[in-house]
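Raw work-v9.cif, mmCIF, N, CA and C atoms:
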```cif
data_target
#
loop_
_atom_site.label_atom_id
_atom_site.label_comp_id
_atom_site.auth_asym_id
_atom_site.auth_seq_id
_atom_site.Cartn_x
_atom_site.Cartn_y
_atom_site.Cartn_z
N MET A 28 91.01 102.08 67.91
CA MET A 28 89.79 102.79 67.57
C MET A 28 90.00 103.59 66.29
N LYS A 29 89.02 103.54 65.39
CA LYS A 29 89.14 104.20 64.09
C LYS A 29 88.81 105.69 64.14
N THR A 30 88.04 106.10 65.14
CA THR A 30 87.57 107.49 65.17
C THR A 30 87.73 108.10 66.56
N GLU A 31 87.65 109.43 66.57
CA GLU A 31 87.62 110.16 67.82
C GLU A 31 86.76 111.41 67.61
N VAL A 32 86.19 111.90 68.69
CA VAL A 32 85.41 113.12 68.66
C VAL A 32 86.33 114.27 69.04
N LYS A 33 86.28 115.34 68.23
CA LYS A 33 87.10 116.52 68.50
C LYS A 33 86.20 117.75 68.48
N ASN A 34 86.62 118.77 69.22
CA ASN A 34 85.97 120.07 69.17
C ASN A 34 86.39 120.78 67.90
N ILE A 35 85.42 121.47 67.30
CA ILE A 35 85.66 122.26 66.10
C ILE A 35 85.32 123.70 66.44
N PRO A 36 86.28 124.61 66.39
CA PRO A 36 86.01 126.00 66.75
C PRO A 36 84.81 126.57 65.99
N ASP A 37 83.93 127.22 66.72
CA ASP A 37 82.74 127.89 66.18
C ASP A 37 81.75 126.93 65.50
N LYS A 38 81.88 125.63 65.77
CA LYS A 38 80.97 124.68 65.13
C LYS A 38 80.42 123.66 66.11
N GLY A 39 81.17 123.25 67.10
CA GLY A 39 80.74 122.20 68.01
C GLY A 39 81.73 121.06 68.00
N ARG A 40 81.20 119.87 67.83
CA ARG A 40 82.05 118.68 67.80
C ARG A 40 81.80 117.88 66.54
N GLY A 41 82.75 117.03 66.20
CA GLY A 41 82.62 116.17 65.03
C GLY A 41 83.46 114.93 65.21
N VAL A 42 83.26 113.98 64.31
CA VAL A 42 83.98 112.71 64.36
C VAL A 42 85.09 112.75 63.30
N PHE A 43 86.29 112.35 63.73
CA PHE A 43 87.46 112.39 62.86
C PHE A 43 88.12 111.01 62.81
N ALA A 44 88.73 110.73 61.67
CA ALA A 44 89.43 109.45 61.48
C ALA A 44 90.75 109.46 62.25
N CYS A 45 91.01 108.41 63.02
CA CYS A 45 92.28 108.22 63.73
C CYS A 45 93.25 107.38 62.92
N GLN A 46 92.77 106.84 61.82
CA GLN A 46 93.59 106.03 60.91
C GLN A 46 92.98 106.16 59.53
N ASP A 47 93.71 105.80 58.51
CA ASP A 47 93.16 105.81 57.16
C ASP A 47 92.03 104.78 57.09
N ILE A 48 90.94 105.16 56.45
CA ILE A 48 89.78 104.29 56.31
C ILE A 48 89.50 104.14 54.81
N SER A 49 89.37 102.92 54.36
CA SER A 49 89.18 102.63 52.94
C SER A 49 87.71 102.71 52.54
N GLU A 50 87.47 103.08 51.30
CA GLU A 50 86.12 103.09 50.75
C GLU A 50 85.47 101.72 50.99
N GLY A 51 84.24 101.73 51.49
CA GLY A 51 83.50 100.49 51.75
C GLY A 51 83.74 99.91 53.13
N GLU A 52 84.73 100.42 53.84
CA GLU A 52 85.06 99.89 55.17
C GLU A 52 84.03 100.35 56.21
N ILE A 53 83.69 99.46 57.11
CA ILE A 53 82.82 99.84 58.22
C ILE A 53 83.63 100.68 59.19
N ILE A 54 83.11 101.85 59.49
CA ILE A 54 83.77 102.77 60.41
C ILE A 54 83.37 102.45 61.85
N GLU A 55 82.09 102.19 62.03
CA GLU A 55 81.58 101.97 63.39
C GLU A 55 80.26 101.22 63.31
N LYS A 56 80.03 100.36 64.28
CA LYS A 56 78.73 99.74 64.50
C LYS A 56 78.29 100.21 65.87
N ALA A 57 77.24 101.01 65.90
CA ALA A 57 76.80 101.62 67.15
C ALA A 57 75.43 101.08 67.55
N HIS A 58 75.32 100.62 68.77
CA HIS A 58 74.04 100.17 69.28
C HIS A 58 73.11 101.37 69.46
N VAL A 59 71.82 101.11 69.37
CA VAL A 59 70.84 102.18 69.52
C VAL A 59 69.88 101.86 70.67
N ILE A 60 69.33 102.91 71.23
CA ILE A 60 68.26 102.80 72.22
C ILE A 60 67.01 103.32 71.54
N ILE A 61 66.01 102.46 71.39
CA ILE A 61 64.77 102.84 70.74
C ILE A 61 63.93 103.67 71.69
N ILE A 62 63.42 104.78 71.17
CA ILE A 62 62.54 105.66 71.93
C ILE A 62 61.19 105.65 71.22
N ASP A 63 60.18 105.09 71.89
CA ASP A 63 58.88 104.94 71.22
C ASP A 63 58.19 106.29 71.04
N LYS A 64 57.13 106.29 70.24
CA LYS A 64 56.42 107.53 69.90
C LYS A 64 56.01 108.33 71.13
N GLU A 65 55.48 107.64 72.12
CA GLU A 65 55.02 108.33 73.32
C GLU A 65 56.17 109.05 74.03
N GLN A 66 57.28 108.38 74.16
CA GLN A 66 58.44 108.97 74.83
C GLN A 66 59.11 110.03 73.97
N SER A 67 59.05 109.87 72.64
CA SER A 67 59.74 110.82 71.77
C SER A 67 59.12 112.21 71.84
N SER A 68 57.86 112.31 72.24
CA SER A 68 57.26 113.65 72.39
C SER A 68 57.97 114.45 73.48
N HIS A 69 58.56 113.76 74.44
CA HIS A 69 59.34 114.44 75.47
C HIS A 69 60.71 114.86 74.93
N ILE A 70 61.29 114.03 74.07
CA ILE A 70 62.60 114.32 73.47
C ILE A 70 62.52 115.58 72.62
N GLU A 71 61.37 115.78 71.95
CA GLU A 71 61.20 116.93 71.07
C GLU A 71 61.38 118.25 71.80
N LYS A 72 61.25 118.25 73.10
CA LYS A 72 61.37 119.47 73.90
C LYS A 72 62.80 119.68 74.41
N THR A 73 63.73 118.81 73.97
CA THR A 73 65.11 118.90 74.46
C THR A 73 66.08 119.01 73.29
N ILE A 74 67.32 119.29 73.61
CA ILE A 74 68.37 119.36 72.59
C ILE A 74 68.60 118.00 71.92
N LEU A 75 68.24 116.92 72.60
CA LEU A 75 68.42 115.59 72.00
C LEU A 75 67.64 115.42 70.71
N ASP A 76 66.60 116.23 70.52
CA ASP A 76 65.79 116.13 69.30
C ASP A 76 66.64 116.36 68.05
N ASP A 77 67.72 117.13 68.16
CA ASP A 77 68.60 117.37 67.02
C ASP A 77 69.55 116.22 66.75
N TYR A 78 69.58 115.23 67.63
CA TYR A 78 70.57 114.16 67.53
C TYR A 78 70.00 112.77 67.30
N VAL A 79 68.72 112.57 67.53
CA VAL A 79 68.15 111.24 67.35
C VAL A 79 67.85 110.96 65.88
N PHE A 80 67.76 109.69 65.54
CA PHE A 80 67.47 109.24 64.18
C PHE A 80 66.10 108.60 64.13
N LEU A 81 65.44 108.71 62.99
CA LEU A 81 64.19 107.98 62.81
C LEU A 81 64.49 106.49 62.80
N TRP A 82 63.58 105.72 63.42
CA TRP A 82 63.76 104.27 63.50
C TRP A 82 62.38 103.64 63.36
N LYS A 83 62.04 103.22 62.15
CA LYS A 83 60.67 102.79 61.83
C LYS A 83 59.73 103.94 62.18
N GLU A 84 58.74 103.68 63.04
CA GLU A 84 57.81 104.74 63.45
C GLU A 84 58.31 105.47 64.69
N ASP A 85 59.40 105.03 65.25
CA ASP A 85 59.94 105.60 66.49
C ASP A 85 61.19 106.41 66.17
N CYS A 86 61.97 106.69 67.19
CA CYS A 86 63.28 107.29 66.98
C CYS A 86 64.29 106.54 67.83
N ALA A 87 65.56 106.82 67.59
CA ALA A 87 66.61 106.08 68.28
C ALA A 87 67.74 107.01 68.69
N ALA A 88 68.23 106.81 69.90
CA ALA A 88 69.47 107.44 70.35
C ALA A 88 70.59 106.48 69.99
N VAL A 89 71.56 106.97 69.26
CA VAL A 89 72.65 106.12 68.80
C VAL A 89 73.83 106.29 69.75
N LEU A 90 74.35 105.18 70.23
CA LEU A 90 75.46 105.22 71.17
C LEU A 90 76.79 105.31 70.43
N GLY A 91 77.89 105.17 71.16
CA GLY A 91 79.21 105.33 70.55
C GLY A 91 79.35 106.77 70.07
N ASN A 92 79.97 106.95 68.92
CA ASN A 92 80.09 108.30 68.35
C ASN A 92 78.93 108.61 67.42
N GLY A 93 77.96 107.72 67.36
CA GLY A 93 76.89 107.79 66.38
C GLY A 93 76.13 109.09 66.28
N MET A 94 75.95 109.78 67.39
CA MET A 94 75.18 111.03 67.36
C MET A 94 76.08 112.25 67.16
N MET A 95 77.36 112.02 66.90
CA MET A 95 78.30 113.13 66.80
C MET A 95 78.79 113.40 65.37
N TYR A 96 78.39 112.58 64.41
CA TYR A 96 78.79 112.82 63.02
C TYR A 96 78.06 114.05 62.50
N ASN A 97 78.79 114.92 61.82
CA ASN A 97 78.18 116.12 61.25
C ASN A 97 77.63 115.84 59.87
N HIS A 98 76.73 116.74 59.45
CA HIS A 98 76.04 116.64 58.17
C HIS A 98 76.85 117.29 57.05
N SER A 99 76.74 116.70 55.86
CA SER A 99 77.25 117.33 54.64
C SER A 99 76.41 116.82 53.47
N TYR A 100 76.22 117.71 52.48
CA TYR A 100 75.58 117.28 51.25
C TYR A 100 76.58 116.56 50.34
N GLU A 101 77.85 116.53 50.75
CA GLU A 101 78.88 115.77 50.05
C GLU A 101 79.57 114.87 51.07
N PRO A 102 78.83 113.88 51.61
CA PRO A 102 79.36 113.06 52.69
C PRO A 102 80.46 112.09 52.22
N ASN A 103 81.29 111.71 53.17
CA ASN A 103 82.29 110.68 52.88
C ASN A 103 81.93 109.36 53.56
N ALA A 104 80.76 109.34 54.20
CA ALA A 104 80.27 108.13 54.87
C ALA A 104 78.75 108.08 54.78
N ILE A 105 78.22 106.91 55.07
CA ILE A 105 76.78 106.70 55.07
C ILE A 105 76.41 105.95 56.35
N TYR A 106 75.18 106.15 56.80
CA TYR A 106 74.70 105.33 57.91
C TYR A 106 73.62 104.38 57.40
N ILE A 107 73.64 103.18 57.95
CA ILE A 107 72.71 102.12 57.55
C ILE A 107 72.06 101.59 58.81
N ARG A 108 70.73 101.60 58.85
CA ARG A 108 70.02 101.07 60.01
C ARG A 108 69.91 99.55 59.91
N ASP A 109 70.38 98.85 60.92
CA ASP A 109 70.16 97.41 61.05
C ASP A 109 69.02 97.28 62.06
N LEU A 110 67.78 97.31 61.54
CA LEU A 110 66.59 97.36 62.39
C LEU A 110 66.47 96.14 63.30
N GLU A 111 66.76 94.97 62.75
CA GLU A 111 66.61 93.74 63.51
C GLU A 111 67.56 93.69 64.72
N ASN A 112 68.79 94.09 64.52
CA ASN A 112 69.79 94.01 65.58
C ASN A 112 69.94 95.30 66.39
N LYS A 113 69.16 96.32 66.02
CA LYS A 113 69.21 97.62 66.71
C LYS A 113 70.62 98.18 66.74
N ILE A 114 71.20 98.24 65.53
CA ILE A 114 72.55 98.76 65.35
C ILE A 114 72.55 99.74 64.18
N MET A 115 73.28 100.84 64.34
CA MET A 115 73.51 101.78 63.24
C MET A 115 74.93 101.51 62.74
N ILE A 116 75.05 101.28 61.44
CA ILE A 116 76.34 100.98 60.84
C ILE A 116 76.78 102.21 60.04
N TYR A 117 77.99 102.66 60.29
CA TYR A 117 78.59 103.77 59.55
C TYR A 117 79.66 103.19 58.64
N LYS A 118 79.57 103.54 57.36
CA LYS A 118 80.43 102.93 56.35
C LYS A 118 81.01 104.03 55.45
N ALA A 119 82.28 103.89 55.09
CA ALA A 119 82.95 104.88 54.26
C ALA A 119 82.46 104.81 52.81
N LEU A 120 82.11 105.96 52.25
CA LEU A 120 81.71 106.04 50.84
C LEU A 120 82.92 106.26 49.94
N LYS A 121 84.01 106.71 50.53
CA LYS A 121 85.24 106.95 49.79
C LYS A 121 86.39 106.80 50.77
N ASN A 122 87.60 106.84 50.31
CA ASN A 122 88.74 106.78 51.21
C ASN A 122 88.75 108.00 52.11
N ILE A 123 89.02 107.78 53.39
CA ILE A 123 89.06 108.87 54.37
C ILE A 123 90.44 108.83 55.01
N ALA A 124 91.15 109.94 54.95
CA ALA A 124 92.52 110.01 55.48
C ALA A 124 92.51 110.28 56.97
N VAL A 125 93.56 109.82 57.64
CA VAL A 125 93.71 110.08 59.07
C VAL A 125 93.62 111.59 59.30
N GLY A 126 92.88 111.99 60.31
CA GLY A 126 92.69 113.41 60.63
C GLY A 126 91.52 114.07 59.94
N GLU A 127 90.95 113.41 58.94
CA GLU A 127 89.82 113.97 58.18
C GLU A 127 88.53 113.81 58.96
N GLU A 128 87.66 114.84 58.89
CA GLU A 128 86.36 114.73 59.52
C GLU A 128 85.48 113.80 58.69
N ILE A 129 84.66 113.03 59.38
CA ILE A 129 83.74 112.09 58.73
C ILE A 129 82.35 112.71 58.74
N PHE A 130 81.75 112.81 57.56
CA PHE A 130 80.44 113.42 57.39
C PHE A 130 79.44 112.40 56.87
N ILE A 131 78.19 112.56 57.29
CA ILE A 131 77.07 111.80 56.74
C ILE A 131 76.03 112.80 56.24
N ASN A 132 75.15 112.36 55.37
CA ASN A 132 74.02 113.19 54.97
C ASN A 132 72.86 112.82 55.89
N TYR A 133 72.41 113.78 56.67
CA TYR A 133 71.35 113.52 57.65
C TYR A 133 70.06 113.04 57.02
N ASN A 134 69.88 113.25 55.71
CA ASN A 134 68.66 112.80 55.04
C ASN A 134 68.65 111.29 54.80
N GLY A 135 69.77 110.62 55.08
CA GLY A 135 69.83 109.16 54.91
C GLY A 135 70.36 108.74 53.55
N ASP A 136 70.08 109.51 52.53
CA ASP A 136 70.55 109.23 51.17
C ASP A 136 71.74 110.15 50.92
N PRO A 137 72.92 109.61 50.62
CA PRO A 137 74.08 110.48 50.43
C PRO A 137 73.94 111.46 49.27
N ASN A 138 73.02 111.20 48.35
CA ASN A 138 72.81 112.09 47.21
C ASN A 138 71.70 113.11 47.43
N SER A 139 70.98 113.02 48.54
CA SER A 139 69.86 113.91 48.79
C SER A 139 70.32 115.33 49.05
N LYS A 140 69.65 116.27 48.42
CA LYS A 140 69.90 117.70 48.65
C LYS A 140 68.72 118.34 49.38
N ASP A 141 67.82 117.49 49.91
CA ASP A 141 66.66 118.02 50.63
C ASP A 141 67.13 118.85 51.83
N PRO A 142 66.41 119.92 52.12
CA PRO A 142 66.81 120.77 53.26
C PRO A 142 66.77 119.99 54.58
N VAL A 143 67.65 120.37 55.48
CA VAL A 143 67.65 119.84 56.85
C VAL A 143 67.11 120.94 57.75
N TRP A 144 66.97 120.69 59.02
CA TRP A 144 66.29 121.59 59.95
C TRP A 144 67.18 122.72 60.47
N PHE A 145 68.36 122.89 59.92
CA PHE A 145 69.26 123.96 60.35
C PHE A 145 69.94 124.53 59.11
N ASP A 146 70.53 125.71 59.26
CA ASP A 146 71.25 126.33 58.15
C ASP A 146 72.54 125.59 57.92
N VAL A 147 72.78 125.20 56.68
CA VAL A 147 74.01 124.51 56.30
C VAL A 147 74.99 125.55 55.81
N LYS A 148 76.19 125.52 56.40
CA LYS A 148 77.20 126.52 56.01
C LYS A 148 78.11 125.97 54.94
#
```

Translate this file's structure into structure tokens.
Amino acid sequence: MKTEVKNIPDKGRGVFACQDISEGEIIEKAHVIIIDKEQSSHIEKTILDDYVFLWKEDCAAVLGNGMMYNHSYEPNAIYIRDLENKIMIYKALKNIAVGEEIFINYNGDPNSKDPVWFDVK
């Protein structure tokens, strides 16, 4: 396994590399569960609302470690939606060393500086 979830003091949890990962390498392919618009209104009332991804007009719960990657405006990975196969692909944007936390930009574009729904430290 390339990754593991670890607790981060005063922050929660995050995904870390268990081995060196090369730029361009696929880190994880995670299956998703599609949650349609009607059902997503119920999700909005729960903590899961902070973890689901937009999926066309719906949203998706990402399995595997997919919902555990933390946000950064300087990410070392990107997520790519494979809409047809209902898979989220996480891919390294740069070399990631063993033990390093893996970050994605929650806005979908690794260069986006648009605000997210929480304070970024």

Alpha helix (DSSP H) positions in range 36-119 of chain A, given as an MDAnalysis selection string: chainID A and resid 64:70

Selected residue, from A:Ile107, A:Ala88, A:Leu120, A:Ile131, that lies nearest to Ile60 in chain A when counting all atoms listed in the file: A:Ala88

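Shell of Asp85 in chain A at 6 Å, with only C-alpha atoms counted and residues fewer than 3 places along the chain excluded, is Asp63, Lys64 and Trp82 of chain A.
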
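Coordinates place atom C of Leu110 in chain A at a distance of 25.7 Å from atom N of Met28 in chain A.
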
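Minimum atom-to-atom distances from A:Asn132, A:Ser49, A:Arg40, A:Ile35 to Tyr100 in chain A were compared using all atoms listed in the file, and the lowest value belongs to A:Asn132.
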
Residue with smallest distance to Tyr117 in chain A - pool A:Met95, A:Ile74, A:Ala104, A:Val59, counting all atoms listed in the file: A:Ala104

Separation of CA of Asn138 in chain A from CA of Lys33 in chain A, in Å and rounded to one decimal: 26.0 Å

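Among A:Asn134, A:Asn92, A:Asn103, A:Ser68, the residue with the shortest atom-to-atom distance to Val32 in chain A, counting only N, CA and C atoms, is A:Asn92.
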
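Closest approach to Met94 in chain A among A:Gly135, A:Lys72, A:Asp37, A:Met115: A:Met115, based on only C-alpha atoms.
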
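Closest approach to Lys56 in chain A among A:Arg108, A:Lys83, A:Lys38, A:His98 is made by A:Arg108 (distances from only C-alpha atoms).
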
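You will find CA of His58 in chain A at 23.7 Å from CA of Glu127 in chain A.
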
Exercise: Ser99 in chain A partners within 12 Å, only C-alpha atoms, chain neighbours under 6 positions left out, as a PDB file with N, CA and C atoms, keeping the file's coordinate frame:
```
ATOM      1  N   GLY A  41      82.750 117.030  66.200  1.00  0.00           N
ATOM      2  CA  GLY A  41      82.620 116.170  65.030  1.00  0.00           C
ATOM      3  C   GLY A  41      83.460 114.930  65.210  1.00  0.00           C
ATOM      4  N   ILE A 105      78.220 106.910  55.070  1.00  0.00           N
ATOM      5  CA  ILE A 105      76.780 106.700  55.070  1.00  0.00           C
ATOM      6  C   ILE A 105      76.410 105.950  56.350  1.00  0.00           C
ATOM      7  N   GLU A 128      87.660 114.840  58.890  1.00  0.00           N
ATOM      8  CA  GLU A 128      86.360 114.730  59.520  1.00  0.00           C
ATOM      9  C   GLU A 128      85.480 113.800  58.690  1.00  0.00           C
ATOM     10  N   ILE A 129      84.660 113.030  59.380  1.00  0.00           N
ATOM     11  CA  ILE A 129      83.740 112.090  58.730  1.00  0.00           C
ATOM     12  C   ILE A 129      82.350 112.710  58.740  1.00  0.00           C
ATOM     13  N   PHE A 130      81.750 112.810  57.560  1.00  0.00           N
ATOM     14  CA  PHE A 130      80.440 113.420  57.390  1.00  0.00           C
ATOM     15  C   PHE A 130      79.440 112.400  56.870  1.00  0.00           C
ATOM     16  N   ILE A 131      78.190 112.560  57.290  1.00  0.00           N
ATOM     17  CA  ILE A 131      77.070 111.800  56.740  1.00  0.00           C
ATOM     18  C   ILE A 131      76.030 112.800  56.240  1.00  0.00           C
ATOM     19  N   ASN A 132      75.150 112.360  55.370  1.00  0.00           N
ATOM     20  CA  ASN A 132      74.020 113.190  54.970  1.00  0.00           C
ATOM     21  C   ASN A 132      72.860 112.820  55.890  1.00  0.00           C
ATOM     22  N   TYR A 133      72.410 113.780  56.670  1.00  0.00           N
ATOM     23  CA  TYR A 133      71.350 113.520  57.650  1.00  0.00           C
ATOM     24  C   TYR A 133      70.060 113.040  57.020  1.00  0.00           C
ATOM     25  N   ASN A 134      69.880 113.250  55.710  1.00  0.00           N
ATOM     26  CA  ASN A 134      68.660 112.800  55.040  1.00  0.00           C
ATOM     27  C   ASN A 134      68.650 111.290  54.800  1.00  0.00           C
ATOM     28  N   GLY A 135      69.770 110.620  55.080  1.00  0.00           N
ATOM     29  CA  GLY A 135      69.830 109.160  54.910  1.00  0.00           C
ATOM     30  C   GLY A 135      70.360 108.740  53.550  1.00  0.00           C
ATOM     31  N   ASP A 136      70.080 109.510  52.530  1.00  0.00           N
ATOM     32  CA  ASP A 136      70.550 109.230  51.170  1.00  0.00           C
ATOM     33  C   ASP A 136      71.740 110.150  50.920  1.00  0.00           C
ATOM     34  N   PRO A 137      72.920 109.610  50.620  1.00  0.00           N
ATOM     35  CA  PRO A 137      74.080 110.480  50.430  1.00  0.00           C
ATOM     36  C   PRO A 137      73.940 111.460  49.270  1.00  0.00           C
ATOM     37  N   ASN A 138      73.020 111.200  48.350  1.00  0.00           N
ATOM     38  CA  ASN A 138      72.810 112.090  47.210  1.00  0.00           C
ATOM     39  C   ASN A 138      71.700 113.110  47.430  1.00  0.00           C
ATOM     40  N   SER A 139      70.980 113.020  48.540  1.00  0.00           N
ATOM     41  CA  SER A 139      69.860 113.910  48.790  1.00  0.00           C
ATOM     42  C   SER A 139      70.320 115.330  49.050  1.00  0.00           C
ATOM     43  N   LYS A 140      69.650 116.270  48.420  1.00  0.00           N
ATOM     44  CA  LYS A 140      69.900 117.700  48.650  1.00  0.00           C
ATOM     45  C   LYS A 140      68.720 118.340  49.380  1.00  0.00           C
ATOM     46  N   ASP A 141      67.820 117.490  49.910  1.00  0.00           N
ATOM     47  CA  ASP A 141      66.660 118.020  50.630  1.00  0.00           C
ATOM     48  C   ASP A 141      67.130 118.850  51.830  1.00  0.00           C
ATOM     49  N   PRO A 142      66.410 119.920  52.120  1.00  0.00           N
ATOM     50  CA  PRO A 142      66.810 120.770  53.260  1.00  0.00           C
ATOM     51  C   PRO A 142      66.770 119.990  54.580  1.00  0.00           C
ATOM     52  N   VAL A 143      67.650 120.370  55.480  1.00  0.00           N
ATOM     53  CA  VAL A 143      67.650 119.840  56.850  1.00  0.00           C
ATOM     54  C   VAL A 143      67.110 120.940  57.750  1.00  0.00           C
ATOM     55  N   PHE A 145      68.360 122.890  59.920  1.00  0.00           N
ATOM     56  CA  PHE A 145      69.260 123.960  60.350  1.00  0.00           C
ATOM     57  C   PHE A 145      69.940 124.530  59.110  1.00  0.00           C
ATOM     58  N   ASP A 146      70.530 125.710  59.260  1.00  0.00           N
ATOM     59  CA  ASP A 146      71.250 126.330  58.150  1.00  0.00           C
ATOM     60  C   ASP A 146      72.540 125.590  57.920  1.00  0.00           C
ATOM     61  N   VAL A 147      72.780 125.200  56.680  1.00  0.00           N
ATOM     62  CA  VAL A 147      74.010 124.510  56.300  1.00  0.00           C
ATOM     63  C   VAL A 147      74.990 125.550  55.810  1.00  0.00           C
ATOM     64  N   LYS A 148      76.190 125.520  56.400  1.00  0.00           N
ATOM     65  CA  LYS A 148      77.200 126.520  56.010  1.00  0.00           C
ATOM     66  C   LYS A 148      78.110 125.970  54.940  1.00  0.00           C
TER      67      LYS A 148
END
```

Run the PyMOL selection byres ((chain A and resi 48) around 6.5) against the file shown and list the residues it catches, as a CSV table (one decimal) with N, CA and C atoms, in the frame of the given file.
```csv
chain,number,residue,atom,x,y,z
A,46,GLN,N,92.8,106.8,61.8
A,46,GLN,CA,93.6,106.0,60.9
A,46,GLN,C,93.0,106.2,59.5
A,47,ASP,N,93.7,105.8,58.5
A,47,ASP,CA,93.2,105.8,57.2
A,47,ASP,C,92.0,104.8,57.1
A,49,SER,N,89.4,102.9,54.4
A,49,SER,CA,89.2,102.6,52.9
A,49,SER,C,87.7,102.7,52.5
A,50,GLU,N,87.5,103.1,51.3
A,50,GLU,CA,86.1,103.1,50.8
A,50,GLU,C,85.5,101.7,51.0
A,52,GLU,N,84.7,100.4,53.8
A,52,GLU,CA,85.1,99.9,55.2
A,52,GLU,C,84.0,100.4,56.2
A,121,LYS,N,84.0,106.7,50.5
A,121,LYS,CA,85.2,107.0,49.8
A,121,LYS,C,86.4,106.8,50.8
A,122,ASN,N,87.6,106.8,50.3
A,122,ASN,CA,88.7,106.8,51.2
A,122,ASN,C,88.8,108.0,52.1
A,123,ILE,N,89.0,107.8,53.4
A,123,ILE,CA,89.1,108.9,54.4
A,123,ILE,C,90.4,108.8,55.0
A,124,ALA,N,91.2,109.9,55.0
A,124,ALA,CA,92.5,110.0,55.5
A,124,ALA,C,92.5,110.3,57.0
A,125,VAL,N,93.6,109.8,57.6
A,125,VAL,CA,93.7,110.1,59.1
A,125,VAL,C,93.6,111.6,59.3
```

Result set of the PyMOL selection byres (((chain A and resi 30 and name CA) around 8) and name CA) on the coordinates above, as a list in words: Met28, Lys29, Glu31, Val32, Val42, Phe43, Ala44, Cys45, Gln46 and Ile54 of chain A

I need the residues from that last selection saved to file as a compact mmCIF listing (two decimals), in the coordinates of the input (with N, CA and C atoms), if you can.
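Written out: result-v8.txt:
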```txt
# COMPACT_ATOMS: atom_id res chain seq x y z
N MET A 28 91.01 102.08 67.91
CA MET A 28 89.79 102.79 67.57
C MET A 28 90.00 103.59 66.29
N LYS A 29 89.02 103.54 65.39
CA LYS A 29 89.14 104.20 64.09
C LYS A 29 88.81 105.69 64.14
N GLU A 31 87.65 109.43 66.57
CA GLU A 31 87.62 110.16 67.82
C GLU A 31 86.76 111.41 67.61
N VAL A 32 86.19 111.90 68.69
CA VAL A 32 85.41 113.12 68.66
C VAL A 32 86.33 114.27 69.04
N VAL A 42 83.26 113.98 64.31
CA VAL A 42 83.98 112.71 64.36
C VAL A 42 85.09 112.75 63.30
N PHE A 43 86.29 112.35 63.73
CA PHE A 43 87.46 112.39 62.86
C PHE A 43 88.12 111.01 62.81
N ALA A 44 88.73 110.73 61.67
CA ALA A 44 89.43 109.45 61.48
C ALA A 44 90.75 109.46 62.25
N CYS A 45 91.01 108.41 63.02
CA CYS A 45 92.28 108.22 63.73
C CYS A 45 93.25 107.38 62.92
N GLN A 46 92.77 106.84 61.82
CA GLN A 46 93.59 106.03 60.91
C GLN A 46 92.98 106.16 59.53
N ILE A 54 83.11 101.85 59.49
CA ILE A 54 83.77 102.77 60.41
C ILE A 54 83.37 102.45 61.85
```

Your completed range 41-50 of chain A with N, CA, C and O atoms, as a JSON list (two decimals), keeping the file's coordinate frame:
```json
[["chain", "number", "residue", "atom", "x", "y", "z"],
["A", 41, "GLY", "N", 82.75, 117.03, 66.20],
["A", 41, "GLY", "CA", 82.62, 116.17, 65.03],
["A", 41, "GLY", "C", 83.46, 114.93, 65.21],
["A", 41, "GLY", "O", 84.27, 114.83, 66.13],
["A", 42, "VAL", "N", 83.26, 113.98, 64.31],
["A", 42, "VAL", "CA", 83.98, 112.71, 64.36],
["A", 42, "VAL", "C", 85.09, 112.75, 63.30],
["A", 42, "VAL", "O", 84.84, 113.10, 62.14],
["A", 43, "PHE", "N", 86.29, 112.35, 63.73],
["A", 43, "PHE", "CA", 87.46, 112.39, 62.86],
["A", 43, "PHE", "C", 88.12, 111.01, 62.81],
["A", 43, "PHE", "O", 88.10, 110.26, 63.78],
["A", 44, "ALA", "N", 88.73, 110.73, 61.67],
["A", 44, "ALA", "CA", 89.43, 109.45, 61.48],
["A", 44, "ALA", "C", 90.75, 109.46, 62.25],
["A", 44, "ALA", "O", 91.53, 110.41, 62.14],
["A", 45, "CYS", "N", 91.01, 108.41, 63.02],
["A", 45, "CYS", "CA", 92.28, 108.22, 63.73],
["A", 45, "CYS", "C", 93.25, 107.38, 62.92],
["A", 45, "CYS", "O", 94.40, 107.20, 63.31],
["A", 46, "GLN", "N", 92.77, 106.84, 61.82],
["A", 46, "GLN", "CA", 93.59, 106.03, 60.91],
["A", 46, "GLN", "C", 92.98, 106.16, 59.53],
["A", 46, "GLN", "O", 91.84, 106.63, 59.39],
["A", 47, "ASP", "N", 93.71, 105.80, 58.51],
["A", 47, "ASP", "CA", 93.16, 105.81, 57.16],
["A", 47, "ASP", "C", 92.03, 104.78, 57.09],
["A", 47, "ASP", "O", 92.15, 103.67, 57.64],
["A", 48, "ILE", "N", 90.94, 105.16, 56.45],
["A", 48, "ILE", "CA", 89.78, 104.29, 56.31],
["A", 48, "ILE", "C", 89.50, 104.14, 54.81],
["A", 48, "ILE", "O", 89.42, 105.13, 54.09],
["A", 49, "SER", "N", 89.37, 102.92, 54.36],
["A", 49, "SER", "CA", 89.18, 102.63, 52.94],
["A", 49, "SER", "C", 87.71, 102.71, 52.54],
["A", 49, "SER", "O", 86.82, 102.41, 53.35],
["A", 50, "GLU", "N", 87.47, 103.08, 51.30],
["A", 50, "GLU", "CA", 86.12, 103.09, 50.75],
["A", 50, "GLU", "C", 85.47, 101.72, 50.99],
["A", 50, "GLU", "O", 86.09, 100.68, 50.77]]
```
